[in-house]
Amino acid sequence: VFMTPIDKSAVETILRPLDLTDDHYRRLMDLMTEDIVKGMNPQTHPAANIKCFPTFVRSVPDGTEQGDFLALDLGGTNFRVLLINLNGQEVKMESKIFIIPQHIMLGSGVQLFDHIADCIFKFITDHKLQGKKLPLGFTFSFPCRQEGLDKAVLTVWTKGFNCEGVVGKDVVELLHAAFKRRGDMPNVKCLAVINDTVGALISCAHSDRQCAIGLILGTGTNACYIEDLQNVKTWTGDDGEPRQVLINCEWGAFGNDGNLSFIQTDFDKAIDKHSINPGKQIYEKMISGMYMGEIARLAIERLRKNHLLFEGEGSYHLATRGRFYTKYVSEIEGDDVTNFTVTRQIFDELELTNHNEQDYRLVRHVCNLVSKRAAYLASAGIACLLNKMNKKEVTVGVDGSLYRFHPFFHDLMMEKIQALIRPNIRFKLMLSHDGSGKGAALVAAVASKLK
Ligand code: ADP
């Protein structure tokens with residue numbers, strides 16, 4: 001095939017802003033450290049980007065937890081009810097996905113919790129568990145101010161939910177009120193509310209006692225870590241042993257005050273502007289699965305409009321917001337470069353008709369840049385936590401489809417975290433298996449022991 005030589009410097013000019021240096025990442029770490037300290041101080045907390053909510057989870061499981069537990073998982077892609085049997089290292093799990101219809105996602109809080117109670121009742125009946133005493137752990141992955149292990153006040157809905165009358169209320173109370181309205185589930189009691197980051201940490205800690213950080217790289221991004229109580233100035237609970245608490249960073253909101261503008265590209269600004277929450281979740285919008293494909297699409301479109309891709313010929317799909325899925329980024333990067341079979345298939349799906357090998361290589365390069373930046377930004381966050389914690393050996397429990405399915409995310413993160421941490425720290429990244437279910441059950445198990 002005849003190919004016109006590509007204008008390398010024009011390509012470079014468009015893509016350079018996506019290519020950050022270690023100096024950028026180190027500056028970001030300094031800013032994040034400052035913001036975390038702000039989040040944990042009662043004077044600066046109200047205005048802080050990174051809220052650092054104390055979770056009231058004080059310790060990781062010791063492996064002696066046993067019995068049957070229910071778990072609820074709300075706030076991920078699916079709503080699930082789970083039955084978990086714990087017996088030492090042996091964990092048996094059964095689960096069922098239930099649908100939350102759009103009209104309930106945008107309806108009233110009463111409707112939402114009645115629906116959840118219905119689903120639990122069906123699950124209990126199907127599993128012939130009526131009459132059995134069932135402690136419940138609730139993974140509720142929305143920003144909450146926690147007031148106790150079983151008391152979590154929703155601060156804001158995210159991820160497409162907007163149920164009236166829930167913000168400012170304790171979700172456990174709303175759940176128990178729904179049980180009470182039914183009157184037929186006297187044996188189910190919610191003992192703990194956690195979010196998915198805590199679930200990832202706890203479920204990994206069950207088999208690896210060094211696990212002290214939980215990380216989510218899915219639709220959104222967030223992290224939690226174990227902090228010394230003396231650093232948590234916002235702590236209002238008891239200050240006995242163990243003098244530590246898991247902190248839910250809610251780090252997706254990093255950058256909300258504009259302090260990440262030194263790395264924001266035009267693509268990032270466009271995504272933020274067209275999002276349902278402009279000015280919010282700035283760090284998350286540069287990293288997570290909900291946005292990565294769109295960043296790549298915007299860069300590809302910019303190149304195309306400058307006749308640096310597809311001889312300038314686009315398509316309706318390529319011009320459509322959100323149509324270049326994050327899974328395409330994984331697929332293109334994982335493609336065989338001797339034939340670009342998958343890449344061509346994706347271009348067919350997008351109804352692009354004018355493409356050659358030069359285009360495949362350049363689109364792959366764009367995907368590489370976008371996912372590398374996302375992986376490195378998340379790495380800088382993890383390195384910031386590792387440098388802050390006073391531990392020599394730490395395992396990071398990770399969950400989420402972006403980390404799970406992207407071909408190089410794990411390797412990119414290993415390399416960059418290593419480059420950014422103090423040399424005497426050792427770390428591992430461990431994939432969490434069903435953290436939202438297992439983690440919630442384990443926390444409920446620990447809580448039921450204490451009762
Ligand atoms: P959640 O975070 O909602 O609990 P997931 O962990 O499954 O759920 O994350 C969903 C996100 O993962 C979506 O934004 C989607 O774009 C992204 N995703 C799905 N498949 C892949 C893939 N193969 N590679 C990268 N990202 C993916």
# chains A, B, ... in the order shown; residues from 1 in each chain; ligands from 1
>>> residues_near_ligand(ligand="ligand 1", cutoff="7 Å", atoms="only C-alpha atoms and all ligand atoms", output="ChimeraX atom specification")
/A:75-77,217-220,288-290,325-327,329-331,399-402,405-406
>>> residues_around(residues="Arg16 of chain A", least_positions_apart="5", cutoff="12 Å", atoms="only C-alpha atoms", output="list in words")
Lys8, Ser9, Ala10, Val11, Thr21, Ile263, Gln264, Thr265, Asp266, Ala299, His365, Val366, Leu369, Val370 and Arg373 of chain A
>>> write_last_selection(atoms="N, CA and C atoms", output="short mmCIF file (atom, residue, chain, number, x, y, z; two decimals), in the first residue's frame")
data_model
loop_
_atom_site.label_atom_id
_atom_site.label_comp_id
_atom_site.auth_asym_id
_atom_site.auth_seq_id
_atom_site.Cartn_x
_atom_site.Cartn_y
_atom_site.Cartn_z
N LYS A 8 5.06 13.83 11.56
CA LYS A 8 5.32 13.41 12.94
C LYS A 8 5.21 14.56 13.94
N SER A 9 5.67 15.73 13.54
CA SER A 9 5.68 16.81 14.52
C SER A 9 4.26 17.31 14.80
N ALA A 10 3.38 17.23 13.80
CA ALA A 10 1.99 17.63 14.03
C ALA A 10 1.32 16.64 14.99
N VAL A 11 1.59 15.36 14.81
CA VAL A 11 1.05 14.33 15.71
C VAL A 11 1.55 14.59 17.13
N THR A 21 5.61 13.55 32.80
CA THR A 21 6.93 13.11 33.30
C THR A 21 6.83 12.77 34.79
N ILE A 263 -1.87 19.52 34.70
CA ILE A 263 -1.78 18.35 33.82
C ILE A 263 -3.04 18.13 32.99
N GLN A 264 -4.09 18.92 33.22
CA GLN A 264 -5.33 18.72 32.46
C GLN A 264 -5.13 19.11 31.00
N THR A 265 -5.55 18.23 30.10
CA THR A 265 -5.45 18.52 28.67
C THR A 265 -6.79 19.09 28.18
N ASP A 266 -6.79 19.54 26.92
CA ASP A 266 -8.06 19.98 26.31
C ASP A 266 -9.08 18.86 26.34
N ALA A 299 -8.88 12.41 21.31
CA ALA A 299 -7.54 12.56 20.73
C ALA A 299 -7.55 12.05 19.28
N HIS A 365 -1.09 3.81 19.36
CA HIS A 365 -0.22 4.72 20.12
C HIS A 365 -1.07 5.64 21.02
N VAL A 366 -2.17 6.14 20.49
CA VAL A 366 -3.06 7.00 21.29
C VAL A 366 -3.58 6.21 22.50
N LEU A 369 -0.93 5.83 25.10
CA LEU A 369 -0.69 7.07 25.86
C LEU A 369 -1.77 7.29 26.92
N VAL A 370 -3.03 7.07 26.52
CA VAL A 370 -4.15 7.34 27.43
C VAL A 370 -4.14 6.36 28.60
N ARG A 373 -1.08 6.97 30.93
CA ARG A 373 -1.28 8.12 31.81
C ARG A 373 -2.23 7.74 32.95
#
>>> residues_around(residues="segment 414-431 of chain A", least_positions_apart="2", cutoff="9 Å", atoms="only C-alpha atoms", output="count of residues only")
34
>>> select_by_dssp(residues="segment 41-236 of chain A", states="helix (DSSP H, G or I)", output="ChimeraX atom specification")
/A:45-47,102-105,109-126,171-182,196-205,229-231
>>> write_last_selection(atoms="C-alpha atoms", output="PDB file, in the first residue's frame")
ATOM      1  CA  HIS A  45     -12.296  19.090  56.028  1.00  0.00           C
ATOM      2  CA  PRO A  46     -15.404  20.991  54.793  1.00  0.00           C
ATOM      3  CA  ALA A  47     -13.471  22.552  51.897  1.00  0.00           C
ATOM      4  CA  GLN A 102     -34.343   3.318  35.875  1.00  0.00           C
ATOM      5  CA  HIS A 103     -37.568   4.656  37.449  1.00  0.00           C
ATOM      6  CA  ILE A 104     -36.371   3.411  40.837  1.00  0.00           C
ATOM      7  CA  MET A 105     -32.816   4.785  40.340  1.00  0.00           C
ATOM      8  CA  GLY A 109     -35.670   6.620  48.596  1.00  0.00           C
ATOM      9  CA  VAL A 110     -38.651   4.694  49.999  1.00  0.00           C
ATOM     10  CA  GLN A 111     -39.183   2.999  46.617  1.00  0.00           C
ATOM     11  CA  LEU A 112     -35.474   2.161  46.358  1.00  0.00           C
ATOM     12  CA  PHE A 113     -35.243   0.559  49.801  1.00  0.00           C
ATOM     13  CA  ASP A 114     -38.599  -1.236  49.401  1.00  0.00           C
ATOM     14  CA  HIS A 115     -37.234  -2.693  46.167  1.00  0.00           C
ATOM     15  CA  ILE A 116     -34.004  -3.754  47.891  1.00  0.00           C
ATOM     16  CA  ALA A 117     -36.003  -5.377  50.722  1.00  0.00           C
ATOM     17  CA  ASP A 118     -38.130  -7.218  48.105  1.00  0.00           C
ATOM     18  CA  CYS A 119     -34.994  -8.575  46.438  1.00  0.00           C
ATOM     19  CA  ILE A 120     -33.561  -9.751  49.778  1.00  0.00           C
ATOM     20  CA  PHE A 121     -36.857 -11.421  50.672  1.00  0.00           C
ATOM     21  CA  LYS A 122     -36.930 -13.276  47.326  1.00  0.00           C
ATOM     22  CA  PHE A 123     -33.329 -14.364  47.808  1.00  0.00           C
ATOM     23  CA  ILE A 124     -33.985 -15.623  51.350  1.00  0.00           C
ATOM     24  CA  THR A 125     -37.071 -17.536  50.240  1.00  0.00           C
ATOM     25  CA  ASP A 126     -35.272 -19.064  47.240  1.00  0.00           C
ATOM     26  CA  VAL A 171     -28.825   4.292  54.659  1.00  0.00           C
ATOM     27  CA  VAL A 172     -28.935   1.533  57.310  1.00  0.00           C
ATOM     28  CA  GLU A 173     -31.873   3.232  58.969  1.00  0.00           C
ATOM     29  CA  LEU A 174     -33.631   3.490  55.593  1.00  0.00           C
ATOM     30  CA  LEU A 175     -32.949  -0.206  54.933  1.00  0.00           C
ATOM     31  CA  HIS A 176     -34.221  -1.277  58.379  1.00  0.00           C
ATOM     32  CA  ALA A 177     -37.300   0.922  57.933  1.00  0.00           C
ATOM     33  CA  ALA A 178     -38.059  -0.941  54.682  1.00  0.00           C
ATOM     34  CA  PHE A 179     -37.668  -4.300  56.518  1.00  0.00           C
ATOM     35  CA  LYS A 180     -40.051  -3.036  59.163  1.00  0.00           C
ATOM     36  CA  ARG A 181     -42.651  -1.951  56.589  1.00  0.00           C
ATOM     37  CA  ARG A 182     -42.678  -5.546  55.296  1.00  0.00           C
ATOM     38  CA  ASP A 196     -16.110  -1.226  47.425  1.00  0.00           C
ATOM     39  CA  THR A 197     -12.582  -0.031  48.297  1.00  0.00           C
ATOM     40  CA  VAL A 198     -12.951  -1.352  51.842  1.00  0.00           C
ATOM     41  CA  GLY A 199     -14.379  -4.578  50.392  1.00  0.00           C
ATOM     42  CA  ALA A 200     -11.305  -4.982  48.181  1.00  0.00           C
ATOM     43  CA  LEU A 201      -8.943  -4.337  51.110  1.00  0.00           C
ATOM     44  CA  ILE A 202     -10.744  -6.636  53.558  1.00  0.00           C
ATOM     45  CA  SER A 203     -11.250  -9.496  51.117  1.00  0.00           C
ATOM     46  CA  CYS A 204      -7.545  -9.484  50.200  1.00  0.00           C
ATOM     47  CA  ALA A 205      -6.501  -9.104  53.847  1.00  0.00           C
ATOM     48  CA  LEU A 229      -5.677   7.294  64.717  1.00  0.00           C
ATOM     49  CA  GLN A 230      -3.314  10.097  65.792  1.00  0.00           C
ATOM     50  CA  ASN A 231      -3.333  11.390  62.185  1.00  0.00           C
TER      51      ASN A 231
END
>>> closest_atom_pairs(of="segment 29-72 of chain A", to="segment 149-160 of chain A", cutoff="9 Å", atoms="only C-alpha atoms", output="CSV")
residue,atom,partner,partner_atom,distance
A:Thr55,CA,A:Leu149,CA,6.9
A:Phe56,CA,A:Leu149,CA,5.1
A:Val57,CA,A:Leu149,CA,6.6
>>> residues_around(residues="Lys438 of chain A", least_positions_apart="2", cutoff="8 Å", atoms="only C-alpha atoms", output="PyMOL selection string")
chain A and resi 71+84+199+203+434-436+440-442
